Amino acid sequence: MSVTGNTTLYDTTVYHIELQEKIHEPSCLHRGVCGFIHIVSGLQVKVTPAAEGQKTLTCSTTCTLTDNPTYIWYKNGQRLDEPTSQQYSVNSYYSDSYSCAVKGHADHHSPAVCVRGESCMNVTYTHQSICALKGSTVDISCFYTHPSWHNVTEVSWFNKWESGVTKDLSQDSEYTSRVEYHRQTDKDSILRITDLRESDSTEYKFRFTTNEARWGYSFPGTTLTVTGFQVKVTGGHQDKTLTCITTCTLTDNPTYIWYKNGQHLDESTSPQYKYSASSNYEDSYSCAVKGHEDIHSPAVCVQGQDCSRVTYTKRRICVLKGSTVDISCTYVGYDTVTSSLWFSPKRSASWTNKLTPEDLTRDPGYAGRVEYAGRESGTYRGPFTLRITDLREEDSAEYRFTFKTYNFEWGHSFPGTTLSVTGLQVKVTPAAEGQKTLTCSTNCTLTDNPTYIWYKNGKRLDEPTSQHYSSNTLVVLRHSADSYSCAVEDHETLHSPAVCEYEINYYST
């Protein structure tokens, strides 16, 4: 018998196995049915005295594990290579903690225990695994302890390590402007990742250093899985079932939202929706979850492939204040568009009818700054592009497209493209002794991976072989009397305010 899934200690029970023939075993309950005791055991490290100055650690279970497993031992979060047996003898030091696991199940380790005293090096993650939506924000958290006489000198989160060297996520270009470290007390840490991508799916670990010791890099952390939505259609010609599926199980029992032709249709705690046979073959359906309405599935046709669908080129855009942005979408369907407009739900307070969107080109807040690119060509098949010039921070909002055909009108509640407008700012943090790291910072991750430009005393820095001035970070001497600012290539006039020596000292942390 094999047991699969997320088994817990509460799964200890009796399972009955139906057999095809009589089993001659003492535990048989009656002919053809045999009782099988399935016990789920957790791991626990037990500490007992040994020779003087030593302790014996035992990786204990509530039952005897089968197949003579190989054991894994961790000391202060670092995997030990030598011990592979259930018991391990150690010298007793106040700061050391130990944990054990079984080979093949390293992610199911025991709680770490102190060999002496009650306060040793330890990290406990709030979640072993997290399922989050693509484009959303996630918090990965942990608690850590250390002896009271230790002083913490460094904390970091990482997801890559090689030969004992870990890379701080806050310094990783793949996560630039998407990672923040937060804490509520001096014994916890929160890693916040915004604008999640499927490539962010991996294991994340926390590491801290004190003046006496350092937490290891091999102790299991939190595994993040990033998923999107897909609508799966099943059933016959008349009765069909639409299912909003993800690649991992979403937490907190979400409420699912269904859209039909861009209009809010239904809400339910079930990921399934029963399709009515009376629906038109032109109808398209999409799903999302409450609280993350801007992250929906692609619209799908229930009958044929000629249903009406609107697809936005980008779901999120981050651009510089003062620049120009193009927000576009495409329309696929049988009918020809007779009229169309772009609108922002953020501006609904100024609409004559709160339920009827008004054309952005008529909004005084966008006067002289909005145009529909391509409209002059007379095309009504798309792509449809909204162009906003001289961007302001208050332009940060969601923008949606709607249209009419001779037969129907596309709904107003289907999520569109979210625009974030940001300025540039130079932030300063300590680096190696006598140096500072300057970071060209934004409030969101700029679209299209821009090339950064650095200025020293108003003069553009050319890129030498020793340092890349095209990245968003720059290392300078701590007591430099020079001023620095940054910009983005093709937007050189939209540079950050300059920081000077006294500002560098002011921003120091």
# chains A, B, ... in the order shown; residues from 1 in each chain; ligands from 1
$ residues_around --residues "A:Ser308" --least-positions-apart "5" --cutoff "6 Å" --atoms "only C-alpha atoms" --output "list in words"
Glu282, Ser284, Val332 and Gly333 of chain A
$ select_by_dssp --residues "stretch 11-222 of chain A" --states "strand (DSSP E)" --output "MDAnalysis selection string"
chainID A and resid 13:18 28:30 33:38 44:49 54:60 71:75 78:80 87:91 97:102 113:114 122:125 129:133 138:145 152:158 161:162 165:166 179:182 188:193 202:210 222
$ atom_distance --atom1 "atom CA of A:Glu198" --atom2 "atom CA of A:Leu265"
28.1 Å
$ closest_residue --among "A:Ala101, A:Leu191, A:Leu80, A:Leu169" --to "A:Cys142" --atoms "only C-alpha atoms"
A:Leu191
$ closest_atom_pairs --of "stretch 350-371 of chain A" --to "stretch 402-426 of chain A" --cutoff "10 Å" --atoms "only C-alpha atoms" --output "tab-separated table"
residue	atom	partner	partner_atom	distance
A:Leu355	CA	A:His412	CA	8.8
A:Thr356	CA	A:His412	CA	8.3
A:Pro357	CA	A:His412	CA	7.6
A:Asp359	CA	A:Thr402	CA	9.9
$ write_last_selection --atoms "N, CA, C and O atoms" --output "PDB file, in the first residue's frame"
ATOM      1  N   LEU A 355     -22.414  54.065 -13.885  1.00  0.00           N
ATOM      2  CA  LEU A 355     -22.349  52.726 -14.474  1.00  0.00           C
ATOM      3  C   LEU A 355     -21.954  52.748 -15.947  1.00  0.00           C
ATOM      4  O   LEU A 355     -21.774  51.694 -16.556  1.00  0.00           O
ATOM      5  N   THR A 356     -21.818  53.954 -16.494  1.00  0.00           N
ATOM      6  CA  THR A 356     -21.481  54.065 -17.919  1.00  0.00           C
ATOM      7  C   THR A 356     -20.134  54.753 -18.069  1.00  0.00           C
ATOM      8  O   THR A 356     -20.012  55.956 -17.801  1.00  0.00           O
ATOM      9  N   PRO A 357     -19.098  54.018 -18.487  1.00  0.00           N
ATOM     10  CA  PRO A 357     -17.762  54.613 -18.638  1.00  0.00           C
ATOM     11  C   PRO A 357     -17.759  55.740 -19.654  1.00  0.00           C
ATOM     12  O   PRO A 357     -18.499  55.709 -20.644  1.00  0.00           O
ATOM     13  N   ASP A 359     -15.366  58.275 -22.209  1.00  0.00           N
ATOM     14  CA  ASP A 359     -14.167  58.271 -23.040  1.00  0.00           C
ATOM     15  C   ASP A 359     -13.078  59.146 -22.409  1.00  0.00           C
ATOM     16  O   ASP A 359     -13.324  60.305 -22.044  1.00  0.00           O
TER      17      ASP A 359
END
$ atom_distance --atom1 "atom CA of A:Asp306" --atom2 "atom CA of A:Phe384"
19.0 Å
$ residues_around --residues "stretch 250-262 of chain A" --least-positions-apart "6" --cutoff "8 Å" --atoms "only C-alpha atoms" --output "PDB file with all heavy atoms, in the first residue's frame"
ATOM      1  N   ILE A 130       4.071  27.783  -0.423  1.00  0.00           N
ATOM      2  CA  ILE A 130       3.104  28.839  -0.707  1.00  0.00           C
ATOM      3  C   ILE A 130       2.753  28.785  -2.187  1.00  0.00           C
ATOM      4  O   ILE A 130       3.629  28.628  -3.041  1.00  0.00           O
ATOM      5  CB  ILE A 130       3.671  30.237  -0.368  1.00  0.00           C
ATOM      6  CG1 ILE A 130       3.935  30.361   1.143  1.00  0.00           C
ATOM      7  CG2 ILE A 130       2.725  31.340  -0.820  1.00  0.00           C
ATOM      8  CD1 ILE A 130       4.567  31.692   1.536  1.00  0.00           C
ATOM      9  N   CYS A 131       1.468  28.922  -2.483  1.00  0.00           N
ATOM     10  CA  CYS A 131       0.988  29.026  -3.862  1.00  0.00           C
ATOM     11  C   CYS A 131       0.475  30.444  -4.056  1.00  0.00           C
ATOM     12  O   CYS A 131      -0.410  30.900  -3.325  1.00  0.00           O
ATOM     13  CB  CYS A 131      -0.130  28.010  -4.115  1.00  0.00           C
ATOM     14  SG  CYS A 131      -0.904  28.133  -5.744  1.00  0.00           S
ATOM     15  N   ALA A 132       1.026  31.168  -5.027  1.00  0.00           N
ATOM     16  CA  ALA A 132       0.652  32.568  -5.246  1.00  0.00           C
ATOM     17  C   ALA A 132       0.402  32.815  -6.724  1.00  0.00           C
ATOM     18  O   ALA A 132       0.917  32.103  -7.594  1.00  0.00           O
ATOM     19  CB  ALA A 132       1.746  33.494  -4.734  1.00  0.00           C
ATOM     20  N   CYS A 244     -11.988  26.680 -13.348  1.00  0.00           N
ATOM     21  CA  CYS A 244     -10.874  27.626 -13.222  1.00  0.00           C
ATOM     22  C   CYS A 244      -9.730  26.882 -12.540  1.00  0.00           C
ATOM     23  O   CYS A 244      -9.791  26.585 -11.346  1.00  0.00           O
ATOM     24  CB  CYS A 244     -11.317  28.828 -12.377  1.00  0.00           C
ATOM     25  SG  CYS A 244     -10.206  30.235 -12.440  1.00  0.00           S
ATOM     26  N   SER A 268     -18.454  32.449  -6.712  1.00  0.00           N
ATOM     27  CA  SER A 268     -18.703  31.195  -6.009  1.00  0.00           C
ATOM     28  C   SER A 268     -17.425  30.706  -5.352  1.00  0.00           C
ATOM     29  O   SER A 268     -16.324  31.017  -5.816  1.00  0.00           O
ATOM     30  CB  SER A 268     -19.225  30.140  -6.987  1.00  0.00           C
ATOM     31  OG  SER A 268     -19.284  28.861  -6.381  1.00  0.00           O
ATOM     32  N   THR A 269     -17.563  29.932  -4.290  1.00  0.00           N
ATOM     33  CA  THR A 269     -16.388  29.313  -3.660  1.00  0.00           C
ATOM     34  C   THR A 269     -15.930  28.084  -4.431  1.00  0.00           C
ATOM     35  O   THR A 269     -14.863  27.547  -4.161  1.00  0.00           O
ATOM     36  CB  THR A 269     -16.700  28.920  -2.206  1.00  0.00           C
ATOM     37  OG1 THR A 269     -17.859  28.060  -2.197  1.00  0.00           O
ATOM     38  CG2 THR A 269     -16.965  30.151  -1.346  1.00  0.00           C
ATOM     39  N   SER A 270     -16.726  27.668  -5.387  1.00  0.00           N
ATOM     40  CA  SER A 270     -16.358  26.534  -6.238  1.00  0.00           C
ATOM     41  C   SER A 270     -15.622  27.032  -7.470  1.00  0.00           C
ATOM     42  O   SER A 270     -16.008  28.048  -8.055  1.00  0.00           O
ATOM     43  CB  SER A 270     -17.608  25.757  -6.663  1.00  0.00           C
ATOM     44  OG  SER A 270     -17.283  24.810  -7.681  1.00  0.00           O
ATOM     45  N   PRO A 271     -14.575  26.327  -7.894  1.00  0.00           N
ATOM     46  CA  PRO A 271     -13.853  26.740  -9.105  1.00  0.00           C
ATOM     47  C   PRO A 271     -14.587  26.355 -10.382  1.00  0.00           C
ATOM     48  O   PRO A 271     -14.076  26.584 -11.481  1.00  0.00           O
ATOM     49  CB  PRO A 271     -12.528  25.989  -8.990  1.00  0.00           C
ATOM     50  CG  PRO A 271     -12.864  24.754  -8.218  1.00  0.00           C
ATOM     51  CD  PRO A 271     -13.940  25.162  -7.246  1.00  0.00           C
ATOM     52  N   TYR A 273     -18.073  26.292 -12.987  1.00  0.00           N
ATOM     53  CA  TYR A 273     -19.251  27.045 -13.423  1.00  0.00           C
ATOM     54  C   TYR A 273     -19.965  26.220 -14.482  1.00  0.00           C
ATOM     55  O   TYR A 273     -19.350  25.735 -15.435  1.00  0.00           O
ATOM     56  CB  TYR A 273     -18.853  28.412 -13.993  1.00  0.00           C
ATOM     57  CG  TYR A 273     -20.015  29.204 -14.543  1.00  0.00           C
ATOM     58  CD1 TYR A 273     -20.911  29.837 -13.696  1.00  0.00           C
ATOM     59  CD2 TYR A 273     -20.214  29.301 -15.921  1.00  0.00           C
ATOM     60  CE1 TYR A 273     -21.988  30.558 -14.204  1.00  0.00           C
ATOM     61  CE2 TYR A 273     -21.288  30.020 -16.444  1.00  0.00           C
ATOM     62  CZ  TYR A 273     -22.172  30.645 -15.579  1.00  0.00           C
ATOM     63  OH  TYR A 273     -23.231  31.343 -16.078  1.00  0.00           O
ATOM     64  N   ASP A 283     -20.040  33.860 -27.258  1.00  0.00           N
ATOM     65  CA  ASP A 283     -19.698  34.199 -25.879  1.00  0.00           C
ATOM     66  C   ASP A 283     -18.337  33.631 -25.467  1.00  0.00           C
ATOM     67  O   ASP A 283     -17.990  32.490 -25.794  1.00  0.00           O
ATOM     68  CB  ASP A 283     -20.759  33.667 -24.918  1.00  0.00           C
ATOM     69  CG  ASP A 283     -22.116  34.330 -25.122  1.00  0.00           C
ATOM     70  OD1 ASP A 283     -22.115  35.452 -25.659  1.00  0.00           O
ATOM     71  OD2 ASP A 283     -23.140  33.725 -24.767  1.00  0.00           O
ATOM     72  N   SER A 284     -17.578  34.435 -24.718  1.00  0.00           N
ATOM     73  CA  SER A 284     -16.298  33.983 -24.155  1.00  0.00           C
ATOM     74  C   SER A 284     -16.370  34.081 -22.637  1.00  0.00           C
ATOM     75  O   SER A 284     -17.127  34.886 -22.084  1.00  0.00           O
ATOM     76  CB  SER A 284     -15.138  34.834 -24.677  1.00  0.00           C
ATOM     77  OG  SER A 284     -15.236  36.170 -24.198  1.00  0.00           O
ATOM     78  N   TYR A 285     -15.559  33.259 -21.962  1.00  0.00           N
ATOM     79  CA  TYR A 285     -15.572  33.201 -20.501  1.00  0.00           C
ATOM     80  C   TYR A 285     -14.150  33.300 -19.959  1.00  0.00           C
ATOM     81  O   TYR A 285     -13.191  32.811 -20.573  1.00  0.00           O
ATOM     82  CB  TYR A 285     -16.221  31.892 -20.021  1.00  0.00           C
ATOM     83  CG  TYR A 285     -17.707  31.815 -20.308  1.00  0.00           C
ATOM     84  CD1 TYR A 285     -18.176  31.422 -21.562  1.00  0.00           C
ATOM     85  CD2 TYR A 285     -18.636  32.148 -19.331  1.00  0.00           C
ATOM     86  CE1 TYR A 285     -19.521  31.353 -21.841  1.00  0.00           C
ATOM     87  CE2 TYR A 285     -20.005  32.078 -19.593  1.00  0.00           C
ATOM     88  CZ  TYR A 285     -20.441  31.687 -20.845  1.00  0.00           C
ATOM     89  OH  TYR A 285     -21.786  31.624 -21.119  1.00  0.00           O
ATOM     90  N   SER A 286     -14.044  33.922 -18.793  1.00  0.00           N
ATOM     91  CA  SER A 286     -12.756  34.065 -18.109  1.00  0.00           C
ATOM     92  C   SER A 286     -13.013  33.996 -16.613  1.00  0.00           C
ATOM     93  O   SER A 286     -14.135  34.254 -16.148  1.00  0.00           O
ATOM     94  CB  SER A 286     -12.098  35.394 -18.484  1.00  0.00           C
ATOM     95  OG  SER A 286     -10.873  35.577 -17.795  1.00  0.00           O
ATOM     96  N   CYS A 287     -11.964  33.656 -15.836  1.00  0.00           N
ATOM     97  CA  CYS A 287     -12.127  33.553 -14.387  1.00  0.00           C
ATOM     98  C   CYS A 287     -11.011  34.277 -13.649  1.00  0.00           C
ATOM     99  O   CYS A 287      -9.934  34.546 -14.200  1.00  0.00           O
ATOM    100  CB  CYS A 287     -12.177  32.091 -13.940  1.00  0.00           C
ATOM    101  SG  CYS A 287     -10.616  31.178 -14.169  1.00  0.00           S
ATOM    102  N   ALA A 288     -11.275  34.610 -12.384  1.00  0.00           N
ATOM    103  CA  ALA A 288     -10.299  35.236 -11.485  1.00  0.00           C
ATOM    104  C   ALA A 288     -10.720  34.885 -10.064  1.00  0.00           C
ATOM    105  O   ALA A 288     -11.694  34.142  -9.861  1.00  0.00           O
ATOM    106  CB  ALA A 288     -10.279  36.747 -11.695  1.00  0.00           C
ATOM    107  N   VAL A 289     -10.001  35.383  -9.071  1.00  0.00           N
ATOM    108  CA  VAL A 289     -10.407  35.195  -7.682  1.00  0.00           C
ATOM    109  C   VAL A 289     -10.559  36.553  -7.017  1.00  0.00           C
ATOM    110  O   VAL A 289      -9.892  37.524  -7.381  1.00  0.00           O
ATOM    111  CB  VAL A 289      -9.417  34.327  -6.872  1.00  0.00           C
ATOM    112  CG1 VAL A 289      -9.366  32.920  -7.412  1.00  0.00           C
ATOM    113  CG2 VAL A 289      -8.031  34.952  -6.839  1.00  0.00           C
ATOM    114  N   LYS A 290     -11.438  36.613  -6.043  1.00  0.00           N
ATOM    115  CA  LYS A 290     -11.720  37.868  -5.353  1.00  0.00           C
ATOM    116  C   LYS A 290     -10.471  38.356  -4.631  1.00  0.00           C
ATOM    117  O   LYS A 290      -9.763  37.592  -3.988  1.00  0.00           O
ATOM    118  CB  LYS A 290     -12.855  37.665  -4.351  1.00  0.00           C
ATOM    119  CG  LYS A 290     -13.607  38.937  -4.011  1.00  0.00           C
ATOM    120  CD  LYS A 290     -14.955  38.632  -3.388  1.00  0.00           C
ATOM    121  CE  LYS A 290     -15.773  39.902  -3.286  1.00  0.00           C
ATOM    122  NZ  LYS A 290     -17.148  39.624  -2.779  1.00  0.00           N
ATOM    123  N   GLU A 293      -8.708  40.545  -8.763  1.00  0.00           N
ATOM    124  CA  GLU A 293      -9.502  40.617  -9.988  1.00  0.00           C
ATOM    125  C   GLU A 293      -8.682  41.003 -11.203  1.00  0.00           C
ATOM    126  O   GLU A 293      -9.060  40.690 -12.341  1.00  0.00           O
ATOM    127  CB  GLU A 293     -10.646  41.616  -9.800  1.00  0.00           C
ATOM    128  CG  GLU A 293     -11.757  41.145  -8.879  1.00  0.00           C
ATOM    129  CD  GLU A 293     -11.473  41.415  -7.409  1.00  0.00           C
ATOM    130  OE1 GLU A 293     -10.324  41.810  -7.092  1.00  0.00           O
ATOM    131  OE2 GLU A 293     -12.375  41.238  -6.581  1.00  0.00           O
ATOM    132  N   SER A 308     -15.956  36.235 -28.959  1.00  0.00           N
ATOM    133  CA  SER A 308     -15.379  37.565 -28.788  1.00  0.00           C
ATOM    134  C   SER A 308     -14.399  37.566 -27.631  1.00  0.00           C
ATOM    135  O   SER A 308     -14.745  37.170 -26.509  1.00  0.00           O
ATOM    136  CB  SER A 308     -16.489  38.588 -28.543  1.00  0.00           C
ATOM    137  OG  SER A 308     -17.380  38.623 -29.637  1.00  0.00           O
ATOM    138  N   ARG A 309     -13.173  38.023 -27.881  1.00  0.00           N
ATOM    139  CA  ARG A 309     -12.140  38.060 -26.850  1.00  0.00           C
ATOM    140  C   ARG A 309     -11.321  39.337 -26.971  1.00  0.00           C
ATOM    141  O   ARG A 309     -11.005  39.767 -28.076  1.00  0.00           O
ATOM    142  CB  ARG A 309     -11.209  36.852 -26.970  1.00  0.00           C
ATOM    143  CG  ARG A 309     -11.807  35.537 -26.500  1.00  0.00           C
ATOM    144  CD  ARG A 309     -10.993  34.359 -26.988  1.00  0.00           C
ATOM    145  NE  ARG A 309     -11.178  34.122 -28.418  1.00  0.00           N
ATOM    146  CZ  ARG A 309     -10.502  33.233 -29.121  1.00  0.00           C
ATOM    147  NH1 ARG A 309      -9.555  32.524 -28.530  1.00  0.00           N
ATOM    148  NH2 ARG A 309     -10.727  33.070 -30.405  1.00  0.00           N
ATOM    149  N   TRP A 410     -19.156  44.868 -25.441  1.00  0.00           N
ATOM    150  CA  TRP A 410     -18.181  44.239 -24.538  1.00  0.00           C
ATOM    151  C   TRP A 410     -18.329  44.833 -23.133  1.00  0.00           C
ATOM    152  O   TRP A 410     -18.499  46.042 -22.974  1.00  0.00           O
ATOM    153  CB  TRP A 410     -16.760  44.450 -25.066  1.00  0.00           C
ATOM    154  CG  TRP A 410     -15.694  43.772 -24.242  1.00  0.00           C
ATOM    155  CD1 TRP A 410     -14.850  44.362 -23.356  1.00  0.00           C
ATOM    156  CD2 TRP A 410     -15.366  42.383 -24.240  1.00  0.00           C
ATOM    157  NE1 TRP A 410     -14.007  43.434 -22.797  1.00  0.00           N
ATOM    158  CE2 TRP A 410     -14.303  42.202 -23.319  1.00  0.00           C
ATOM    159  CE3 TRP A 410     -15.860  41.269 -24.910  1.00  0.00           C
ATOM    160  CZ2 TRP A 410     -13.732  40.953 -23.064  1.00  0.00           C
ATOM    161  CZ3 TRP A 410     -15.290  40.029 -24.663  1.00  0.00           C
ATOM    162  CH2 TRP A 410     -14.247  39.875 -23.755  1.00  0.00           C
ATOM    163  N   GLY A 411     -18.267  43.983 -22.113  1.00  0.00           N
ATOM    164  CA  GLY A 411     -18.503  44.412 -20.740  1.00  0.00           C
ATOM    165  C   GLY A 411     -17.482  45.409 -20.213  1.00  0.00           C
ATOM    166  O   GLY A 411     -16.394  45.574 -20.759  1.00  0.00           O
ATOM    167  N   HIS A 412     -17.846  46.056 -19.112  1.00  0.00           N
ATOM    168  CA  HIS A 412     -16.991  47.094 -18.517  1.00  0.00           C
ATOM    169  C   HIS A 412     -16.191  46.606 -17.323  1.00  0.00           C
ATOM    170  O   HIS A 412     -15.367  47.349 -16.804  1.00  0.00           O
ATOM    171  CB  HIS A 412     -17.852  48.289 -18.081  1.00  0.00           C
ATOM    172  CG  HIS A 412     -18.736  48.827 -19.152  1.00  0.00           C
ATOM    173  ND1 HIS A 412     -19.982  49.380 -18.904  1.00  0.00           N
ATOM    174  CD2 HIS A 412     -18.571  48.883 -20.509  1.00  0.00           C
ATOM    175  CE1 HIS A 412     -20.533  49.759 -20.033  1.00  0.00           C
ATOM    176  NE2 HIS A 412     -19.701  49.455 -21.029  1.00  0.00           N
ATOM    177  N   SER A 413     -16.441  45.388 -16.866  1.00  0.00           N
ATOM    178  CA  SER A 413     -15.808  44.932 -15.623  1.00  0.00           C
ATOM    179  C   SER A 413     -14.603  44.025 -15.848  1.00  0.00           C
ATOM    180  O   SER A 413     -13.953  43.605 -14.894  1.00  0.00           O
ATOM    181  CB  SER A 413     -16.836  44.205 -14.746  1.00  0.00           C
ATOM    182  OG  SER A 413     -17.503  43.186 -15.474  1.00  0.00           O
ATOM    183  N   PHE A 414     -14.294  43.715 -17.087  1.00  0.00           N
ATOM    184  CA  PHE A 414     -13.146  42.859 -17.387  1.00  0.00           C
ATOM    185  C   PHE A 414     -11.859  43.632 -17.108  1.00  0.00           C
ATOM    186  O   PHE A 414     -11.654  44.721 -17.642  1.00  0.00           O
ATOM    187  CB  PHE A 414     -13.193  42.436 -18.851  1.00  0.00           C
ATOM    188  CG  PHE A 414     -12.318  41.261 -19.178  1.00  0.00           C
ATOM    189  CD1 PHE A 414     -12.493  40.039 -18.558  1.00  0.00           C
ATOM    190  CD2 PHE A 414     -11.319  41.371 -20.130  1.00  0.00           C
ATOM    191  CE1 PHE A 414     -11.704  38.951 -18.876  1.00  0.00           C
ATOM    192  CE2 PHE A 414     -10.512  40.296 -20.466  1.00  0.00           C
ATOM    193  CZ  PHE A 414     -10.711  39.080 -19.830  1.00  0.00           C
TER     194      PHE A 414
END
$ residues_around --residues "A:Arg387" --least-positions-apart "6" --cutoff "7 Å" --atoms "only C-alpha atoms" --output "list in words"
Val325, Asp326, Ile327, Val370, Glu371, Tyr372 and Ala373 of chain A
$ residues_around --residues "A:Ser189" --least-positions-apart "6" --cutoff "8 Å" --atoms "only C-alpha atoms" --output "PDB file with N, CA and C atoms, in the first residue's frame"
ATOM      1  N   SER A 141       7.803  34.527   5.298  1.00  0.00           N
ATOM      2  CA  SER A 141       8.276  34.986   6.603  1.00  0.00           C
ATOM      3  C   SER A 141       8.901  33.864   7.416  1.00  0.00           C
ATOM      4  N   CYS A 142       9.677  34.267   8.413  1.00  0.00           N
ATOM      5  CA  CYS A 142      10.301  33.319   9.325  1.00  0.00           C
ATOM      6  C   CYS A 142      10.572  34.006  10.662  1.00  0.00           C
ATOM      7  N   PHE A 143      10.855  33.187  11.675  1.00  0.00           N
ATOM      8  CA  PHE A 143      11.295  33.666  12.976  1.00  0.00           C
ATOM      9  C   PHE A 143      12.676  33.081  13.246  1.00  0.00           C
ATOM     10  N   TYR A 181      12.604  43.829   2.317  1.00  0.00           N
ATOM     11  CA  TYR A 181      12.728  43.127   3.588  1.00  0.00           C
ATOM     12  C   TYR A 181      11.982  43.925   4.652  1.00  0.00           C
ATOM     13  N   HIS A 182      11.134  43.239   5.412  1.00  0.00           N
ATOM     14  CA  HIS A 182      10.390  43.893   6.487  1.00  0.00           C
ATOM     15  C   HIS A 182      10.544  43.075   7.766  1.00  0.00           C
ATOM     16  N   ARG A 183      10.238  43.697   8.885  1.00  0.00           N
ATOM     17  CA  ARG A 183      10.217  42.974  10.145  1.00  0.00           C
ATOM     18  C   ARG A 183       9.258  43.663  11.106  1.00  0.00           C
TER      19      ARG A 183
END
$ residues_around --residues "A:Ala106" --least-positions-apart "3" --cutoff "12 Å" --atoms "only C-alpha atoms" --output "ChimeraX atom specification"
/A:43,69-74,79,99-103,109-110,128,218-221
$ atom_distance --atom1 "atom CA of A:Val475" --atom2 "atom CA of A:Ala431"
7.5 Å
